[in-house]
Amino acid sequence: LKTDTWDYPIVQPFRVPHRKGILTHPAWLLAYSQNTESDPVRRGKWIREKLLAGRVPDVPISVDAQIPEDPHRTLRERLDSVTGKAECWKCHQHMNPLGLTFEIFDDFGRYRTQESLEHPENLVRKGNAVSTADVYRIRPVNASGELIGTGDPQLDGEVADAFDLIDRLARSERVRQSIIRHAFRYFMGRNEMLSDSQTLIDADHAYTENGGSFNAVIVTLLTSDSFIYRKSVK
């Protein structure tokens with residue numbers, strides 16, 4: 001099936017190579033990137049806090065959170081050299097093993113298997129009229145990582161890359177309930193309280209009993225008693 005000239009594929013969801021849901025969408029990957037490189041720390045922090053219901057402390061004001069420049073090492077190698085220290089790892093252990101699995105995507109969200117070491121010392125060939133892009137030396141991407149914190153020993157453990165991580169997150173009860181809680185906060189305009197327990201339980205049941213339908217979650221939330229106390233937006 002040729003799709004290069006299609007404006008909008010009829011069959012949805014439409015399969016795209018090397019993509020698997022929102023975490024591999026270029027918009028998310030680009031939002032959690034630096035100016036010229038990917039950002040494994042911010043990507044991992046987002047997953048830890050938004051999906052795994054964890055919390056990572058803010059960077060202490062005494063810490064210079066800079067990744068050293070080195071034209072001969074990949075971003076992962078440079079990041080490991082500074083965050084592997086005991087005083088740093090106590091926080092980075094909750095982010096790096098998750099975010100580094102997304103090193104198969106660059107700062108623009110493009111899929112890759114090799115990282116270009118873009119530095120004058122590594123220039124192989126200047127761009128020309130045929131190919132305007134400069135060519136640099138490359139290194140293979142290491143996107144292995146580790147998932148900890150799902151509460152399920154069958155899911156926790158070493159992961160091969162972002163796709164492996166996403167498959168495990170999708171099967172996690174904690175991740176499912178975390179997403180439903182975020183949906184509650186968005187549609188209610190407030191954080192949940194103990195009195196909202198039944199609403200959250202009903203929303204979770206609606207999701208699982210309707211084949212993972214997010215529409216069912218929204219309907220349940222908007223027809224719940226909790227919606228009566230929705231915080232007004234001024």
# chains A, B, ... in the order shown; residues from 1 in each chain; ligands from 1
call {"tool": "closest_atom_pairs", "arguments": {"of": "segment 54-91 of chain A", "to": "segment 108-132 of chain A", "cutoff": "12 Å", "atoms": "only C-alpha atoms", "output": "tab-separated table"}}
result
residue	atom	partner	partner_atom	distance
A:Glu69	CA	A:His119	CA	10.0
A:Asp70	CA	A:His119	CA	9.0
A:Pro71	CA	A:His119	CA	5.9
A:His72	CA	A:Leu117	CA	7.1
A:Arg73	CA	A:Leu117	CA	7.6
A:Thr74	CA	A:Leu117	CA	7.0
A:Leu75	CA	A:Glu115	CA	8.7
A:Arg76	CA	A:Glu115	CA	10.2
A:Glu77	CA	A:Glu115	CA	11.7
call {"tool": "select_by_dssp", "arguments": {"residues": "segment 92-231 of chain A", "states": "alpha helix (DSSP H)", "output": "PyMOL selection string"}}
result
chain A and resi 92+96-99+162-170+173-188+197-209+214-222
call {"tool": "select_by_dssp", "arguments": {"residues": "segment 64-182 of chain A", "states": "strand (DSSP E or B)", "output": "PyMOL selection string"}}
result
chain A and resi 105+111+114-116+123-125+135-136+138-140+145-147+157-159
call {"tool": "write_last_selection", "arguments": {"atoms": "N, CA, C and O atoms", "output": "compact mmCIF listing (two decimals), in the first residue's frame"}}
result
# COMPACT_ATOMS: atom_id res chain seq x y z
N PHE A 105 15.50 7.64 19.00
CA PHE A 105 14.91 8.80 18.36
C PHE A 105 15.78 10.02 18.65
O PHE A 105 16.18 10.23 19.80
N TYR A 111 13.49 8.41 13.88
CA TYR A 111 14.02 7.11 14.26
C TYR A 111 15.45 6.96 13.75
O TYR A 111 15.79 7.41 12.65
N GLN A 114 21.85 4.82 14.60
CA GLN A 114 23.20 5.33 14.80
C GLN A 114 23.14 6.80 15.19
O GLN A 114 22.25 7.53 14.76
N GLU A 115 24.07 7.22 16.02
CA GLU A 115 24.13 8.61 16.45
C GLU A 115 25.28 9.31 15.72
O GLU A 115 26.42 8.84 15.72
N SER A 116 24.95 10.43 15.11
CA SER A 116 25.96 11.21 14.39
C SER A 116 26.71 12.10 15.38
O SER A 116 26.10 12.86 16.14
N LEU A 123 34.04 15.46 11.10
CA LEU A 123 33.50 15.68 9.77
C LEU A 123 34.11 14.70 8.77
O LEU A 123 35.33 14.59 8.65
N VAL A 124 33.24 14.00 8.06
CA VAL A 124 33.69 13.06 7.03
C VAL A 124 33.59 13.68 5.65
O VAL A 124 34.50 13.58 4.84
N ARG A 125 32.48 14.39 5.41
CA ARG A 125 32.28 14.99 4.10
C ARG A 125 31.36 16.20 4.21
O ARG A 125 30.33 16.14 4.88
N VAL A 135 28.27 15.23 6.55
CA VAL A 135 28.32 13.85 7.04
C VAL A 135 29.40 13.74 8.11
O VAL A 135 30.54 14.17 7.89
N TYR A 136 29.03 13.17 9.25
CA TYR A 136 29.97 13.03 10.37
C TYR A 136 30.16 11.56 10.72
O TYR A 136 29.40 10.69 10.28
N ILE A 138 29.87 8.24 12.92
CA ILE A 138 28.69 7.76 13.64
C ILE A 138 29.08 6.70 14.66
O ILE A 138 30.14 6.08 14.56
N ARG A 139 28.20 6.53 15.64
CA ARG A 139 28.35 5.47 16.64
C ARG A 139 27.01 4.76 16.76
O ARG A 139 25.95 5.40 16.65
N PRO A 140 26.99 3.45 17.00
CA PRO A 140 25.71 2.75 17.17
C PRO A 140 24.99 3.24 18.42
O PRO A 140 25.61 3.57 19.42
N GLY A 145 17.63 -0.22 28.59
CA GLY A 145 17.29 0.47 29.83
C GLY A 145 16.68 -0.48 30.83
O GLY A 145 16.83 -1.71 30.73
N GLU A 146 15.95 0.08 31.77
CA GLU A 146 15.35 -0.74 32.82
C GLU A 146 14.05 -0.09 33.30
O GLU A 146 13.97 1.13 33.45
N LEU A 147 13.06 -0.92 33.50
CA LEU A 147 11.77 -0.47 34.03
C LEU A 147 11.62 -0.97 35.45
O LEU A 147 11.67 -2.17 35.71
N GLY A 157 12.04 -4.84 34.99
CA GLY A 157 13.26 -5.52 34.56
C GLY A 157 13.91 -4.79 33.41
O GLY A 157 13.52 -3.68 33.03
N GLU A 158 14.95 -5.41 32.86
CA GLU A 158 15.69 -4.81 31.76
C GLU A 158 14.81 -4.77 30.51
O GLU A 158 14.02 -5.68 30.25
N VAL A 159 14.96 -3.68 29.72
CA VAL A 159 14.21 -3.53 28.47
C VAL A 159 15.19 -3.27 27.34
O VAL A 159 16.25 -2.66 27.55
call {"tool": "atom_distance", "arguments": {"atom1": "atom CA of Leu51 of chain A", "atom2": "atom CA of Asp106 of chain A"}}
result
21.9 Å
call {"tool": "residues_around", "arguments": {"residues": "segment 85-98 of chain A", "least_positions_apart": "3", "cutoff": "10 Å", "atoms": "only C-alpha atoms", "output": "ChimeraX atom specification"}}
result
/A:39-49,54-59,63,65,76,79-82,101-102,143-149,158-159,161-162,165
call {"tool": "write_last_selection", "arguments": {"atoms": "N, CA, C and O atoms", "output": "compact mmCIF listing (two decimals), in the first residue's frame"}}
result
# COMPACT_ATOMS: atom_id res chain seq x y z
N ASP A 39 16.91 14.42 25.01
CA ASP A 39 17.01 14.70 26.44
C ASP A 39 16.49 13.51 27.24
O ASP A 39 15.32 13.49 27.66
N PRO A 40 17.32 12.49 27.44
CA PRO A 40 16.88 11.28 28.16
C PRO A 40 16.39 11.56 29.58
O PRO A 40 15.50 10.88 30.08
N VAL A 41 16.96 12.58 30.23
CA VAL A 41 16.59 12.87 31.61
C VAL A 41 15.15 13.37 31.68
O VAL A 41 14.33 12.88 32.47
N ARG A 42 14.80 14.35 30.85
CA ARG A 42 13.44 14.90 30.88
C ARG A 42 12.42 13.88 30.37
O ARG A 42 11.29 13.82 30.85
N ARG A 43 12.81 13.11 29.37
CA ARG A 43 11.90 12.07 28.87
C ARG A 43 11.63 11.04 29.97
O ARG A 43 10.48 10.63 30.18
N GLY A 44 12.68 10.63 30.66
CA GLY A 44 12.51 9.65 31.74
C GLY A 44 11.72 10.20 32.91
O GLY A 44 10.91 9.50 33.53
N LYS A 45 11.95 11.48 33.23
CA LYS A 45 11.23 12.12 34.34
C LYS A 45 9.74 12.18 34.05
O LYS A 45 8.90 11.94 34.93
N TRP A 46 9.39 12.49 32.80
CA TRP A 46 7.98 12.56 32.42
C TRP A 46 7.30 11.20 32.61
O TRP A 46 6.21 11.12 33.17
N ILE A 47 7.95 10.15 32.17
CA ILE A 47 7.37 8.81 32.30
C ILE A 47 7.26 8.41 33.76
O ILE A 47 6.25 7.85 34.20
N ARG A 48 8.30 8.70 34.54
CA ARG A 48 8.28 8.35 35.96
C ARG A 48 7.13 9.05 36.69
O ARG A 48 6.42 8.43 37.50
N GLU A 49 6.92 10.33 36.41
CA GLU A 49 5.93 11.10 37.15
C GLU A 49 4.53 10.99 36.57
O GLU A 49 3.54 10.90 37.31
N GLY A 54 5.30 8.31 40.10
CA GLY A 54 6.45 8.53 40.97
C GLY A 54 6.75 10.01 41.10
O GLY A 54 6.05 10.86 40.56
N ARG A 55 7.82 10.32 41.80
CA ARG A 55 8.22 11.71 41.98
C ARG A 55 9.74 11.80 42.01
O ARG A 55 10.40 11.01 42.67
N VAL A 56 10.26 12.76 41.25
CA VAL A 56 11.70 13.00 41.23
C VAL A 56 11.95 14.40 41.78
O VAL A 56 11.35 15.36 41.30
N PRO A 57 12.79 14.55 42.79
CA PRO A 57 13.05 15.89 43.37
C PRO A 57 13.66 16.82 42.33
O PRO A 57 14.28 16.40 41.36
N ASP A 58 13.46 18.12 42.54
CA ASP A 58 14.07 19.12 41.67
C ASP A 58 15.58 19.09 41.83
O ASP A 58 16.11 18.64 42.85
N VAL A 59 16.28 19.59 40.81
CA VAL A 59 17.74 19.63 40.86
C VAL A 59 18.18 20.59 41.97
O VAL A 59 17.72 21.73 42.01
N VAL A 63 23.92 22.13 42.29
CA VAL A 63 24.38 21.20 41.25
C VAL A 63 24.39 21.90 39.88
O VAL A 63 23.41 22.54 39.49
N ALA A 65 23.94 21.18 36.49
CA ALA A 65 23.39 20.07 35.69
C ALA A 65 23.73 20.24 34.21
O ALA A 65 22.88 20.54 33.38
N ARG A 76 24.71 9.39 25.50
CA ARG A 76 24.53 8.44 26.61
C ARG A 76 25.81 8.28 27.41
O ARG A 76 25.79 8.30 28.64
N LEU A 79 26.39 11.43 29.42
CA LEU A 79 25.42 11.54 30.52
C LEU A 79 25.80 10.58 31.65
O LEU A 79 25.78 10.96 32.83
N ASP A 80 26.15 9.36 31.30
CA ASP A 80 26.53 8.37 32.31
C ASP A 80 27.75 8.82 33.12
O ASP A 80 27.86 8.52 34.32
N SER A 81 28.65 9.55 32.48
CA SER A 81 29.89 9.94 33.15
C SER A 81 29.64 10.92 34.29
O SER A 81 30.43 11.00 35.23
N VAL A 82 28.53 11.67 34.24
CA VAL A 82 28.25 12.63 35.30
C VAL A 82 27.14 12.18 36.24
O VAL A 82 27.16 12.48 37.43
N THR A 101 16.03 4.68 26.81
CA THR A 101 15.45 3.75 25.84
C THR A 101 14.96 4.48 24.59
O THR A 101 14.78 3.87 23.54
N PHE A 102 14.78 5.79 24.71
CA PHE A 102 14.30 6.60 23.57
C PHE A 102 15.45 7.20 22.76
O PHE A 102 15.22 8.06 21.91
N ALA A 143 20.12 1.72 23.20
CA ALA A 143 18.84 2.15 23.75
C ALA A 143 18.32 1.20 24.82
O ALA A 143 17.13 1.19 25.13
N SER A 144 19.19 0.42 25.41
CA SER A 144 18.76 -0.49 26.48
C SER A 144 18.48 0.31 27.74
O SER A 144 19.00 1.41 27.93
N GLY A 145 17.63 -0.22 28.59
CA GLY A 145 17.29 0.47 29.83
C GLY A 145 16.68 -0.48 30.83
O GLY A 145 16.83 -1.71 30.73
N GLU A 146 15.95 0.08 31.77
CA GLU A 146 15.35 -0.74 32.82
C GLU A 146 14.05 -0.09 33.30
O GLU A 146 13.97 1.13 33.45
N LEU A 147 13.06 -0.92 33.50
CA LEU A 147 11.77 -0.47 34.03
C LEU A 147 11.62 -0.97 35.45
O LEU A 147 11.67 -2.17 35.71
N ILE A 148 11.46 -0.03 36.38
CA ILE A 148 11.22 -0.35 37.79
C ILE A 148 10.11 0.55 38.30
O ILE A 148 10.09 1.74 38.00
N GLY A 149 9.19 0.00 39.05
CA GLY A 149 8.17 0.83 39.67
C GLY A 149 6.76 0.57 39.20
O GLY A 149 5.84 1.29 39.57
N GLU A 158 14.95 -5.41 32.86
CA GLU A 158 15.69 -4.81 31.76
C GLU A 158 14.81 -4.77 30.51
O GLU A 158 14.02 -5.68 30.25
N VAL A 159 14.96 -3.68 29.72
CA VAL A 159 14.21 -3.53 28.47
C VAL A 159 15.19 -3.27 27.34
O VAL A 159 16.25 -2.66 27.55
N ASP A 161 14.59 -1.55 24.36
CA ASP A 161 14.49 -0.21 23.77
C ASP A 161 13.13 0.38 24.11
O ASP A 161 12.38 -0.19 24.92
N ALA A 162 12.80 1.52 23.50
CA ALA A 162 11.54 2.20 23.80
C ALA A 162 10.32 1.35 23.47
O ALA A 162 9.31 1.39 24.19
N LEU A 165 9.80 -1.06 26.21
CA LEU A 165 9.30 -0.33 27.38
C LEU A 165 7.82 0.00 27.25
O LEU A 165 7.03 -0.20 28.18
call {"tool": "residues_around", "arguments": {"residues": "Asp196 of chain A", "least_positions_apart": "4", "cutoff": "12 Å", "atoms": "only C-alpha atoms", "output": "list in words"}}
result
Arg181, Phe184, Arg185, Met188, Arg190, Asn191, Glu192, Leu200, Ile201, Asp202, Ala203, Leu221, Ser224, Asp225, Ser226, Phe227, Ile228, Tyr229 and Arg230 of chain A
call {"tool": "residues_around", "arguments": {"residues": "segment 209-220 of chain A", "least_positions_apart": "2", "cutoff": "9 Å", "atoms": "only C-alpha atoms", "output": "PyMOL selection string"}}
result
chain A and resi 180+183-184+187+199+202-207+222-224
